[in-house]
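A.B. asks: One file: run.txt (compact mmCIF, C-alpha atoms).
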```
# COMPACT_ATOMS: atom_id res chain seq x y z
CA MET A 1 -15.32 -25.07 -20.68
CA ILE A 2 -16.76 -22.94 -17.89
CA THR A 3 -19.16 -20.07 -18.63
CA GLU A 4 -18.66 -16.50 -17.44
CA GLU A 5 -21.67 -16.70 -15.11
CA GLU A 6 -20.23 -19.71 -13.34
CA LEU A 7 -16.90 -17.92 -12.96
CA ASP A 8 -18.66 -14.83 -11.58
CA ASN A 9 -20.06 -17.06 -8.87
CA LEU A 10 -16.60 -18.02 -7.68
CA ILE A 11 -14.31 -16.02 -5.44
CA ILE A 12 -10.70 -16.58 -4.42
CA CYS A 13 -9.65 -15.41 -0.94
CA LYS A 14 -7.09 -12.60 -1.14
CA LYS A 15 -5.16 -13.91 1.84
CA CYS A 16 -4.93 -17.68 1.41
CA HIS A 17 -6.09 -18.06 -2.22
CA THR A 18 -8.71 -20.69 -1.40
CA LEU A 19 -11.38 -21.06 -4.06
CA HIS A 20 -14.91 -20.45 -2.79
CA LYS A 21 -18.32 -20.73 -4.35
CA ARG A 22 -20.46 -17.68 -3.70
CA VAL A 23 -23.75 -18.15 -1.89
CA PRO A 24 -26.56 -15.56 -2.04
CA LEU A 25 -26.63 -13.46 1.12
CA PRO A 26 -29.55 -11.76 2.88
CA PRO A 27 -29.16 -7.94 3.17
CA ASN A 28 -26.48 -6.65 5.57
CA LYS A 29 -24.78 -10.03 5.93
CA LYS A 30 -21.16 -10.84 5.29
CA ALA A 31 -19.38 -13.88 3.94
CA PHE A 32 -16.01 -14.96 5.33
CA CYS A 33 -13.26 -17.25 4.13
CA SER A 34 -13.59 -20.79 5.44
CA LYS A 35 -9.84 -21.14 5.99
CA CYS A 36 -8.62 -17.80 7.33
CA ASP A 37 -11.80 -15.94 8.35
CA ILE A 38 -11.08 -12.86 6.25
CA LEU A 39 -14.03 -10.95 4.78
CA LEU A 40 -14.82 -12.15 1.27
CA TYR A 41 -17.89 -10.16 0.24
CA GLN A 42 -21.02 -8.66 1.74
CA ASN A 43 -24.53 -7.83 0.74
CA ASN A 44 -25.02 -4.15 1.43
CA PRO A 45 -28.09 -2.43 -0.04
CA ASN A 46 -27.65 1.10 -1.48
CA ILE A 47 -23.90 0.60 -1.40
CA ILE A 48 -23.19 3.16 -4.15
CA ASP A 49 -25.13 5.94 -2.41
CA LYS A 50 -23.54 5.24 0.96
CA THR A 51 -20.02 5.07 -0.41
CA LEU A 52 -20.55 8.18 -2.55
CA ALA A 53 -21.54 10.15 0.55
CA LEU A 54 -18.44 8.92 2.39
CA VAL A 55 -16.14 9.67 -0.56
CA ILE A 56 -17.48 13.23 -0.88
CA SER A 57 -16.77 13.85 2.82
CA ALA A 58 -13.33 12.28 2.43
CA ALA A 59 -12.60 14.56 -0.54
CA ILE A 60 -13.57 17.65 1.46
CA SER A 61 -11.53 16.66 4.50
CA LEU A 62 -8.53 15.78 2.33
CA PHE A 63 -8.75 19.21 0.70
CA VAL A 64 -8.83 20.87 4.13
CA ALA A 65 -5.96 18.66 5.33
CA PHE A 66 -3.71 19.86 2.52
CA LYS A 67 -4.87 23.45 2.36
CA PHE A 68 -4.30 24.60 5.94
CA THR A 69 -1.70 24.24 8.65
CA ILE A 70 -1.19 20.76 10.11
CA VAL A 71 0.90 21.70 13.14
CA THR A 72 2.75 24.79 14.27
CA ILE A 73 5.71 24.58 16.59
CA ASP A 74 7.03 27.37 18.78
CA ILE A 75 10.60 27.28 20.08
CA GLN A 76 11.27 30.29 22.29
CA GLY A 77 9.22 32.64 20.16
CA LEU A 78 10.33 31.24 16.81
CA GLU A 79 7.40 29.78 14.91
CA GLN A 80 7.31 27.28 12.09
CA SER A 81 4.28 25.65 10.45
CA LEU A 82 3.92 22.39 8.58
CA THR A 83 1.95 22.98 5.39
CA LEU A 84 2.17 21.56 1.91
CA TYR A 85 3.59 24.83 0.63
CA ALA A 86 6.35 24.83 3.28
CA LEU A 87 7.11 21.26 2.28
CA PHE A 88 7.60 22.20 -1.38
CA MET A 89 9.82 25.13 -0.43
CA VAL A 90 12.01 23.08 1.91
CA ILE A 91 12.49 20.34 -0.68
CA LEU A 92 13.52 22.89 -3.30
CA GLU A 93 15.86 24.61 -0.85
CA GLN A 94 17.58 21.50 0.44
CA HIS A 95 17.97 19.79 -2.96
CA GLN A 96 16.61 16.49 -1.62
CA TYR A 97 14.77 15.81 -4.85
CA ILE A 98 14.48 12.00 -4.77
CA VAL A 99 13.09 11.78 -1.24
CA GLY A 100 11.03 14.91 -1.75
CA ILE A 101 9.38 13.82 -4.98
CA MET A 102 8.68 10.38 -3.49
CA PHE A 103 7.14 12.01 -0.44
CA ILE A 104 4.93 14.32 -2.50
CA PHE A 105 3.70 11.45 -4.66
CA LEU A 106 2.97 9.12 -1.72
CA ILE A 107 1.37 11.74 0.50
CA PHE A 108 -0.27 14.13 -1.90
CA ILE A 109 -0.66 13.02 -5.52
CA PHE A 110 -1.69 9.36 -5.06
CA PRO A 111 -4.28 9.94 -2.27
CA ILE A 112 -5.86 12.80 -4.22
CA THR A 113 -5.96 10.71 -7.40
CA ILE A 114 -7.57 7.83 -5.51
CA ILE A 115 -10.25 9.97 -3.86
CA PHE A 116 -11.16 11.82 -7.06
CA SER A 117 -11.16 8.65 -9.17
CA MET A 118 -13.50 7.10 -6.62
CA LEU A 119 -15.70 10.19 -6.75
CA ILE A 120 -15.96 10.21 -10.56
CA LEU A 121 -16.36 6.43 -10.63
CA LEU A 122 -19.24 6.34 -8.16
CA ILE A 123 -21.06 9.29 -9.75
CA LEU A 124 -20.83 7.64 -13.17
CA MET A 125 -21.94 4.31 -11.74
CA LYS A 126 -24.91 5.97 -10.09
CA LEU A 127 -25.89 7.59 -13.41
CA LYS A 128 -25.13 4.30 -15.20
CA LYS A 129 -23.01 6.09 -17.79
CA GLY A 130 -19.46 5.89 -19.10
CA ALA A 131 -18.87 2.15 -19.20
CA TYR A 132 -15.36 2.41 -20.63
CA LEU A 133 -14.22 5.32 -18.41
CA THR A 134 -15.31 3.55 -15.23
CA HIS A 135 -13.52 0.45 -16.43
CA ARG A 136 -10.27 2.39 -16.90
CA LEU A 137 -10.71 4.19 -13.56
CA LEU A 138 -11.04 0.86 -11.74
CA ILE A 139 -7.82 -0.38 -13.35
CA LEU A 140 -6.05 2.89 -12.42
CA LEU A 141 -7.26 2.52 -8.83
CA ALA A 142 -5.93 -1.03 -8.64
CA HIS A 143 -2.50 0.15 -9.77
CA ILE A 144 -2.04 3.10 -7.42
CA ARG A 145 -3.88 1.76 -4.36
CA PRO A 146 -0.79 0.20 -2.70
CA TRP A 147 1.10 3.49 -3.04
CA SER A 148 -1.10 5.78 -0.96
CA MET A 149 0.48 6.37 2.44
CA VAL A 150 -1.61 8.96 4.27
CA ASP A 151 -2.04 6.62 7.27
CA ILE A 152 1.71 6.10 7.56
CA PHE A 153 2.20 9.86 7.23
CA PHE A 154 -0.11 10.38 10.19
CA ILE A 155 1.80 7.91 12.39
CA SER A 156 5.06 9.62 11.35
CA LEU A 157 3.54 12.96 12.28
CA LEU A 158 2.76 11.65 15.76
CA VAL A 159 6.29 10.27 16.13
CA ALA A 160 7.79 13.59 15.01
CA MET A 161 5.57 15.48 17.47
CA VAL A 162 6.66 13.27 20.36
CA LYS A 163 10.28 13.87 19.39
CA LEU A 164 9.72 17.64 19.47
CA PHE A 165 7.65 17.59 22.62
CA ASP A 166 10.55 18.36 24.95
CA TYR A 167 11.93 21.32 22.98
CA ALA A 168 8.94 23.07 21.51
CA TYR A 169 5.40 24.21 22.15
CA ILE A 170 3.20 22.36 19.66
CA GLU A 171 -0.06 23.79 18.37
CA LEU A 172 -2.37 21.57 16.35
CA GLY A 173 -3.88 23.14 13.24
CA VAL A 174 -7.19 22.68 11.45
CA SER A 175 -5.60 20.24 9.03
CA PHE A 176 -4.58 17.93 11.84
CA VAL A 177 -8.23 17.33 12.68
CA ALA A 178 -9.06 17.04 8.97
CA LEU A 179 -6.31 14.45 8.59
CA ILE A 180 -7.83 12.34 11.36
CA PHE A 181 -11.24 12.65 9.67
CA THR A 182 -9.76 11.57 6.35
CA LEU A 183 -8.20 8.50 7.93
CA ILE A 184 -11.40 7.49 9.73
CA LEU A 185 -13.43 7.95 6.54
CA ASP A 186 -10.85 5.94 4.61
CA ILE A 187 -11.18 3.07 7.07
CA ILE A 188 -14.99 3.17 6.84
CA ILE A 189 -14.88 3.24 3.02
CA THR A 190 -12.55 0.24 2.82
CA LYS A 191 -14.70 -1.62 5.36
CA ASN A 192 -17.86 -0.79 3.44
CA ILE A 193 -16.86 -1.67 -0.06
CA SER A 194 -14.08 -3.90 -1.26
CA PHE A 195 -12.52 -3.70 -4.66
CA TYR A 196 -14.07 -7.03 -5.55
CA GLU A 197 -17.52 -5.60 -4.88
CA LEU A 198 -16.83 -2.50 -6.98
CA TRP A 199 -15.96 -4.70 -9.95
CA ASP A 200 -18.97 -6.87 -9.22
CA LEU A 201 -21.23 -3.81 -9.31
CA HIS A 202 -19.53 -2.67 -12.51
CA THR A 203 -20.34 -5.99 -14.17
CA LYS A 204 -23.93 -5.83 -12.90
CA ILE A 205 -24.46 -2.29 -14.21
CA TYR A 206 -22.65 -2.36 -17.54
CA GLY A 207 -22.26 -6.06 -18.28
CA HIS A 208 -18.99 -7.44 -19.58
CA ILE A 209 -17.03 -4.93 -21.60
CA ASP A 210 -15.28 -5.94 -24.78
CA GLU A 211 -11.86 -4.64 -25.49
CA MET B 212 -3.45 -31.86 -13.28
CA ASN B 213 -4.53 -30.20 -10.05
CA ARG B 214 -7.92 -28.60 -10.60
CA GLU B 215 -7.31 -25.65 -8.33
CA PHE B 216 -4.25 -24.76 -10.35
CA GLU B 217 -6.39 -23.66 -13.26
CA TYR B 218 -8.32 -20.97 -11.42
CA ILE B 219 -6.45 -17.69 -11.21
CA ARG B 220 -7.35 -14.58 -9.27
CA CYS B 221 -6.73 -11.51 -11.43
CA HIS B 222 -4.48 -9.16 -9.46
CA ILE B 223 -6.18 -6.08 -10.94
CA CYS B 224 -9.91 -6.77 -10.72
CA GLU B 225 -9.87 -9.82 -8.43
CA ALA B 226 -12.08 -11.80 -10.83
CA VAL B 227 -11.74 -15.56 -10.94
CA ASN B 228 -10.34 -16.70 -14.26
CA TYR B 229 -10.23 -20.17 -15.69
CA VAL B 230 -6.98 -20.31 -17.54
CA ASN B 231 -6.02 -22.50 -20.43
CA ASP B 232 -3.39 -21.94 -23.08
CA LYS B 233 -5.60 -19.79 -25.28
CA ASN B 234 -6.49 -16.85 -23.03
CA THR B 235 -3.74 -14.86 -21.36
CA LYS B 236 -5.88 -11.83 -20.49
CA CYS B 237 -8.36 -11.38 -17.67
CA ARG B 238 -11.93 -11.91 -18.86
CA ARG B 239 -13.19 -8.85 -16.97
CA CYS B 240 -10.54 -6.12 -17.01
CA HIS B 241 -8.56 -7.38 -20.04
CA GLU B 242 -5.25 -6.84 -18.25
CA LYS B 243 -2.58 -9.42 -18.79
CA ILE B 244 -2.76 -12.10 -16.10
CA VAL B 245 -0.73 -14.98 -17.40
CA GLN B 246 2.80 -13.79 -17.61
CA ASP B 247 5.76 -16.09 -17.87
CA LEU B 248 6.40 -17.38 -14.38
CA LYS B 249 10.14 -17.27 -15.04
CA ILE B 250 9.93 -13.54 -15.80
CA SER B 251 7.95 -12.92 -12.61
CA TYR B 252 10.48 -14.93 -10.60
CA HIS B 253 13.48 -13.07 -11.99
CA LYS B 254 11.82 -9.67 -11.68
CA THR B 255 11.08 -10.34 -8.01
CA LEU B 256 14.65 -11.50 -7.46
CA ALA B 257 16.13 -8.48 -9.29
CA PHE B 258 14.06 -5.95 -7.33
CA LEU B 259 14.89 -7.76 -4.09
CA ILE B 260 18.65 -7.64 -4.77
CA THR B 261 18.39 -3.92 -5.63
CA ALA B 262 16.54 -3.34 -2.36
CA ILE B 263 19.16 -5.24 -0.34
CA ILE B 264 21.92 -3.21 -1.99
CA PHE B 265 20.12 0.04 -1.05
CA TYR B 266 19.69 -1.25 2.50
CA ILE B 267 23.47 -1.01 3.07
CA PRO B 268 23.91 2.75 2.41
CA ALA B 269 20.57 3.33 4.18
CA ASN B 270 22.18 2.08 7.37
CA ILE B 271 25.70 3.45 6.88
CA TYR B 272 24.94 7.02 5.77
CA PRO B 273 23.18 9.47 8.08
CA ILE B 274 19.42 9.66 7.72
CA LEU B 275 19.27 12.96 9.60
CA ILE B 276 21.68 15.88 9.63
CA SER B 277 21.15 18.64 12.17
CA LYS B 278 22.99 21.97 12.11
CA GLN B 279 22.95 23.78 15.43
CA PHE B 280 24.63 27.20 15.28
CA GLY B 281 27.25 25.94 12.83
CA LYS B 282 27.83 22.66 14.65
CA THR B 283 26.80 19.67 12.54
CA THR B 284 25.65 16.39 14.05
CA THR B 285 24.55 13.36 12.06
CA ASN B 286 22.33 10.45 12.96
CA THR B 287 22.07 7.05 11.32
CA ILE B 288 18.96 4.90 11.79
CA ILE B 289 20.51 2.71 14.48
CA GLY B 290 22.16 5.74 16.11
CA GLY B 291 18.81 7.53 16.22
CA ILE B 292 17.14 4.54 17.89
CA ILE B 293 19.91 4.27 20.52
CA HIS B 294 19.68 8.02 21.10
CA LEU B 295 15.89 7.81 21.64
CA TRP B 296 16.29 4.79 23.93
CA GLU B 297 18.86 6.59 26.08
CA ALA B 298 16.67 9.69 26.21
CA GLY B 299 13.92 7.53 27.69
CA SER B 300 11.32 7.61 24.90
CA TYR B 301 10.98 3.84 24.77
CA PRO B 302 7.70 3.59 22.78
CA ILE B 303 9.02 5.81 19.98
CA ALA B 304 12.32 3.92 19.93
CA LEU B 305 10.37 0.68 19.62
CA ILE B 306 8.16 2.03 16.80
CA ILE B 307 11.21 3.18 14.82
CA LEU B 308 13.05 -0.08 15.55
CA LEU B 309 10.07 -2.09 14.40
CA ALA B 310 9.36 0.02 11.30
CA SER B 311 12.85 0.66 10.00
CA VAL B 312 14.84 -2.38 11.10
CA PHE B 313 12.52 -5.32 11.61
CA VAL B 314 9.97 -4.71 8.85
CA PRO B 315 12.53 -4.45 6.00
CA LEU B 316 14.48 -7.45 7.30
CA LEU B 317 11.27 -9.46 7.71
CA LYS B 318 10.28 -8.56 4.15
CA PHE B 319 13.66 -9.62 2.77
CA ILE B 320 13.48 -12.93 4.64
CA LEU B 321 9.87 -13.60 3.60
CA ILE B 322 10.50 -12.88 -0.09
CA ILE B 323 13.72 -14.93 -0.08
CA TYR B 324 11.86 -17.79 1.60
CA LEU B 325 9.01 -17.62 -0.93
CA LEU B 326 11.45 -17.57 -3.85
CA ILE B 327 13.49 -20.50 -2.50
CA SER B 328 10.40 -22.52 -1.66
CA THR B 329 9.00 -22.10 -5.17
CA LYS B 330 12.33 -22.82 -6.82
CA TYR B 331 13.08 -25.99 -4.88
CA ASN B 332 9.49 -27.14 -4.22
CA LEU B 333 9.85 -27.12 -0.47
CA ASN B 334 7.20 -29.27 1.12
CA SER B 335 5.40 -26.58 3.06
CA SER B 336 1.75 -25.68 3.18
CA LYS B 337 0.50 -23.75 0.18
CA ILE B 338 -1.99 -21.80 2.27
CA ASP B 339 0.72 -20.74 4.72
CA LYS B 340 2.80 -19.44 1.84
CA HIS B 341 -0.13 -17.43 0.52
CA LYS B 342 -0.62 -15.98 4.00
CA LEU B 343 3.08 -15.10 4.20
CA PHE B 344 2.84 -13.32 0.86
CA TYR B 345 -0.23 -11.43 2.08
CA ILE B 346 1.70 -10.33 5.20
CA THR B 347 4.59 -9.20 2.99
CA GLU B 348 2.23 -7.02 0.97
CA VAL B 349 0.53 -5.53 4.03
CA ILE B 350 3.59 -4.61 6.11
CA GLY B 351 5.55 -3.24 3.13
CA PRO B 352 4.83 0.50 3.25
CA TRP B 353 5.15 0.77 7.04
CA SER B 354 8.92 1.00 6.86
CA MET B 355 8.51 4.48 5.38
CA VAL B 356 7.78 5.88 8.87
CA ASP B 357 11.37 6.90 9.58
CA VAL B 358 11.82 8.72 6.27
CA PHE B 359 8.53 10.58 6.76
CA VAL B 360 9.54 11.58 10.29
CA VAL B 361 12.82 13.02 8.99
CA ILE B 362 11.03 14.99 6.27
CA ILE B 363 8.44 16.37 8.72
CA LEU B 364 11.23 17.36 11.12
CA SER B 365 13.18 19.02 8.30
CA VAL B 366 10.14 21.14 7.44
CA LEU B 367 9.42 22.07 11.06
CA ILE B 368 12.97 22.67 12.31
CA HIS B 369 13.94 25.20 9.72
CA PHE B 370 15.26 28.25 11.54
CA SER B 371 18.36 30.36 10.99
CA GLY B 372 20.02 28.90 14.08
CA ILE B 373 18.91 25.28 14.00
CA GLN B 374 18.22 23.26 10.89
CA ILE B 375 17.52 19.62 10.15
CA TYR B 376 18.17 18.05 6.74
CA PRO B 377 17.36 14.59 5.43
CA GLY B 378 20.68 12.89 4.71
CA ASP B 379 21.72 10.50 1.95
CA GLY B 380 20.61 7.61 4.14
CA ALA B 381 17.01 8.83 3.83
CA THR B 382 17.21 8.72 0.03
CA ALA B 383 18.70 5.21 0.11
CA PHE B 384 16.11 4.07 2.63
CA GLY B 385 13.21 5.46 0.60
CA LEU B 386 14.50 3.75 -2.53
CA MET B 387 14.95 0.53 -0.55
CA VAL B 388 11.29 0.59 0.49
CA PHE B 389 10.26 1.39 -3.10
CA PHE B 390 12.19 -1.59 -4.48
CA THR B 391 10.94 -4.04 -1.83
CA MET B 392 7.38 -2.99 -2.67
CA MET B 393 8.10 -3.43 -6.39
CA SER B 394 9.55 -6.84 -5.59
CA ALA B 395 6.43 -7.90 -3.71
CA LEU B 396 4.19 -6.52 -6.47
CA SER B 397 6.00 -8.43 -9.22
CA PHE B 398 5.73 -11.72 -7.33
CA ASP B 399 3.08 -13.77 -9.08
CA PRO B 400 1.00 -15.81 -6.57
CA ARG B 401 0.86 -18.53 -9.21
CA LEU B 402 4.50 -19.23 -8.40
CA ILE B 403 3.30 -20.67 -5.10
CA LYS B 404 0.90 -23.01 -6.81
CA HIS B 405 3.20 -23.94 -9.63
CA ARG B 406 5.07 -26.99 -8.45
CA LYS B 407 7.01 -29.06 -10.92
CA GLY B 408 6.82 -32.81 -10.49
CA ASN B 409 5.41 -33.29 -7.03
CA ARG B 410 1.68 -33.50 -7.72
CA SER B 411 0.87 -36.49 -5.59
CA ASN B 412 -1.98 -34.74 -3.81
CA ALA B 413 -3.72 -33.72 -7.03
CA LYS B 414 -7.29 -34.74 -7.57
CA PRO B 415 -7.91 -36.96 -10.62
```
As structure tokens, how would this structure be written, given the file I've shared?
C.D. replies:
Amino acid sequence: MITEEELDNLIICKKCHTLHKRVPLPPNKKAFCSKCDILLYQNNPNIIDKTLALVISAAISLFVAFKFTIVTIDIQGLEQSLTLYALFMVILEQHQYIVGIMFIFLIFIFPITIIFSMLILLILMKLKKGAYLTHRLLILLAHIRPWSMVDIFFISLLVAMVKLFDYAYIELGVSFVALIFTLILDIIITKNISFYELWDLHTKIYGHIDE
Amino acid sequence: MNREFEYIRCHICEAVNYVNDKNTKCRRCHEKIVQDLKISYHKTLAFLITAIIFYIPANIYPILISKQFGKTTTNTIIGGIIHLWEAGSYPIALIILLASVFVPLLKFILIIYLLISTKYNLNSSKIDKHKLFYITEVIGPWSMVDVFVVIILSVLIHFSGIQIYPGDGATAFGLMVFFTMMSALSFDPRLIKHRKGNRSNAKP
């Protein structure tokens, strides 16, 4: 039978499922899969502090992105803005409940849940408190992570703007910039810390949790 | 018995587990990791069939309805792409073609291939199959682009004279993407490793 420590020193590549043995890394170095060259894990000092700072900025920019106007279009003097409130009203008016509710969950509820779970998680991990809560938060994050689609929303926004370009005057709002910031921060956060490393840190801080 | 077969990557916390008959839960997050492979196989198949069924109305019914001073015009996905191509916006037409036609079809084909290859033990590389499954998971949500574009347009073009509505095709398309993602999520990577009989390359 294999002990837990030995198992903790193994890692399976998420892309090709090759089993690797972990080697200790010097600071700021990364380890890659031997078969498909995907990033396996990295040694990044002060990772919690760095990620916490990034998550706080991401939370602020996400709040701005949903609070203010994303774009305003102007067709011969008639103006219309894209905001979250307008979105709710249009969905209620047009009775497109299935698409609308899906949209609101994928664009609004899941990203906000992810950012705020990350925020609470990292603060608790920094304070080394709440072993069980952080454990549950990590499981929640794993479940809803594939369902956040802010990046796809942004590409769709660009496509929609190109479609309207010939007919309307388009004015970018504050939220448009905030949306770009959120996406950039999201990319940096996922590059900085993988889910595997979050769980690894959790085990290092709190030890193995019994059911 | 192949040694590699006994190590499982937990899909929730990504911890490496050594699985025997006694433990069916992940050692770190205590979520269930060893589910019946038959159940996983049939769940994947069921979600896939549902998605393929939704793909038909998604292409037949209009995804976009525009009302211009009382005159109603409708656009299906293919119709919209042809319209964009004729209007000269080739990059956008290509993005929509890629996201709403090729990505769903590619996902269907990949999942069907993975299911067939596990069922009939096709002699293909295990690592390639894992890579295919990874691609399936990554490209999944990108087919939502067209639905999102329609919703954004319906919010922006909302005047008394001109209005745009998402049609029934948008609902079907959204549900199709949802079910293909569910299908990919319920596919257990252990199905790829689990090969009845043919274990000639196993280490002693």
A.B. asks: Record the distance separating CA of Ile368 (chain B) and CA of Asp166 (chain A), expressed in Å with one decimal.
C.D. replies: 13.6 Å
A.B. asks: When the cut-off is 8 Å and we count all atoms listed in the file, which residues of chain A are near chain B, given as an MDAnalysis selection string?
C.D. replies: chainID A and resid 2 7:8 10:12 14:19 72:73 78 80:82 86:87 90 94 96 98:99 102:103 135 138:139 142:143 147 149 152:153 155:157 159:160 162 195:196 199 208:209 211
A.B. asks: For the atom pair CA of Asp49 (chain A) and CA of Met125 (chain A), what is the interatomic distance in Å to one decimal place?
C.D. replies: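 CA of Asp49 (chain A) sits 10.0 Å away from CA of Met125 (chain A).
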A.B. asks: Can you pull out the residues contacting Lys191 (chain A)? Cut-off 12 Å, using only C-alpha atoms, and skip same-chain residues under 6 positions away; I want them as a PDB file with C-alpha atoms, in the frame of the given file.
C.D. replies:
```pdb
ATOM      1  CA  LYS A  30     -21.160 -10.840   5.290  1.00  0.00           C
ATOM      2  CA  ILE A  38     -11.080 -12.860   6.250  1.00  0.00           C
ATOM      3  CA  LEU A  39     -14.030 -10.950   4.780  1.00  0.00           C
ATOM      4  CA  LEU A  40     -14.820 -12.150   1.270  1.00  0.00           C
ATOM      5  CA  TYR A  41     -17.890 -10.160   0.240  1.00  0.00           C
ATOM      6  CA  GLN A  42     -21.020  -8.660   1.740  1.00  0.00           C
ATOM      7  CA  ASN A  44     -25.020  -4.150   1.430  1.00  0.00           C
ATOM      8  CA  ILE A  47     -23.900   0.600  -1.400  1.00  0.00           C
ATOM      9  CA  THR A  51     -20.020   5.070  -0.410  1.00  0.00           C
ATOM     10  CA  LEU A  54     -18.440   8.920   2.390  1.00  0.00           C
ATOM     11  CA  ILE A 184     -11.400   7.490   9.730  1.00  0.00           C
ATOM     12  CA  LEU A 185     -13.430   7.950   6.540  1.00  0.00           C
ATOM     13  CA  GLU A 197     -17.520  -5.600  -4.880  1.00  0.00           C
TER      14      GLU A 197
END
```
A.B. asks: Rounded to one decimal in Å, what is the spacing between CA of Thr190 (chain A) and CA of Ser394 (chain B)?
C.D. replies: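 Value for the CA of Thr190 (chain A)-CA of Ser394 (chain B) distance: 24.7 Å.
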A.B. asks: Could you give me the centre and size, in Å to one decimal, of an axis-aligned box around all listed atoms of region 369-379 of chain B with 4 Å added on every side, as AutoDock Vina command-line options?
C.D. replies:
```
--center_x 17.8 --center_y 20.4 --center_z 8.0 --size_x 15.8 --size_y 27.9 --size_z 20.1
```
A.B. asks: What's the 9 Å shell around Lys330 (chain B), counting all atoms listed in the file, without same-chain residues fewer than 4 positions away, as a list in words?
C.D. replies: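 Answer for this query is Tyr252, Leu325, Leu326, Leu402 and Arg406 of chain B.
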A.B. asks: Of the residues B:Val312, B:Ile293, B:Leu317, B:Ile403, which is the one nearest to Asn332 (chain B), using only C-alpha atoms?
C.D. replies: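 Using only C-alpha atoms, the shortest distance to Asn332 (chain B) belongs to B:Ile403.
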A.B. asks: Of the candidates A:Ile170, A:Arg22, A:Ile114, A:Ile75, which shows the shortest atom-to-atom distance to Gly372 (chain B), using only C-alpha atoms?
C.D. replies: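 Of A:Ile170, A:Arg22, A:Ile114, A:Ile75, the one nearest Gly372 (chain B), counting only C-alpha atoms, is A:Ile75.
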A.B. asks: Take the point (3.9, -13.4, -14.7) as written in the file and pick out every residue within 10 Å of it, counting only C-alpha atoms; give the list as a PyMOL selection string.
C.D. replies: chain B and resi 243-254+397-402
A.B. asks: Using all atoms listed in the file, can you tell me which of A:Leu122, A:Met89, A:Ala178, A:Ala131 comes closest to Phe68 (chain A)?
C.D. replies: A:Ala178
A.B. asks: With all atoms listed in the file as the atoms that count, which of A:Leu127, A:Val174, A:Ile188, A:Ala65 lies nearest to Ala53 (chain A)?
C.D. replies: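 Using all atoms listed in the file, the shortest distance to Ala53 (chain A) belongs to A:Ile188.
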A.B. asks: So, counting only C-alpha atoms, which residue among B:Ile288, B:Ala298, B:Leu321, B:Phe280 is closest to Tyr266 (chain B)?
C.D. replies: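 With only C-alpha atoms as the atom set, the closest residue is B:Ile288.
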A.B. asks: Looking at all atoms listed in the file, which of A:Ile189, A:Ile109, A:Ile60, A:Leu119 is the one that sits closest to Leu84 (chain A)?
C.D. replies: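 That would be A:Ile109, the residue with the smallest distance to Leu84 (chain A).
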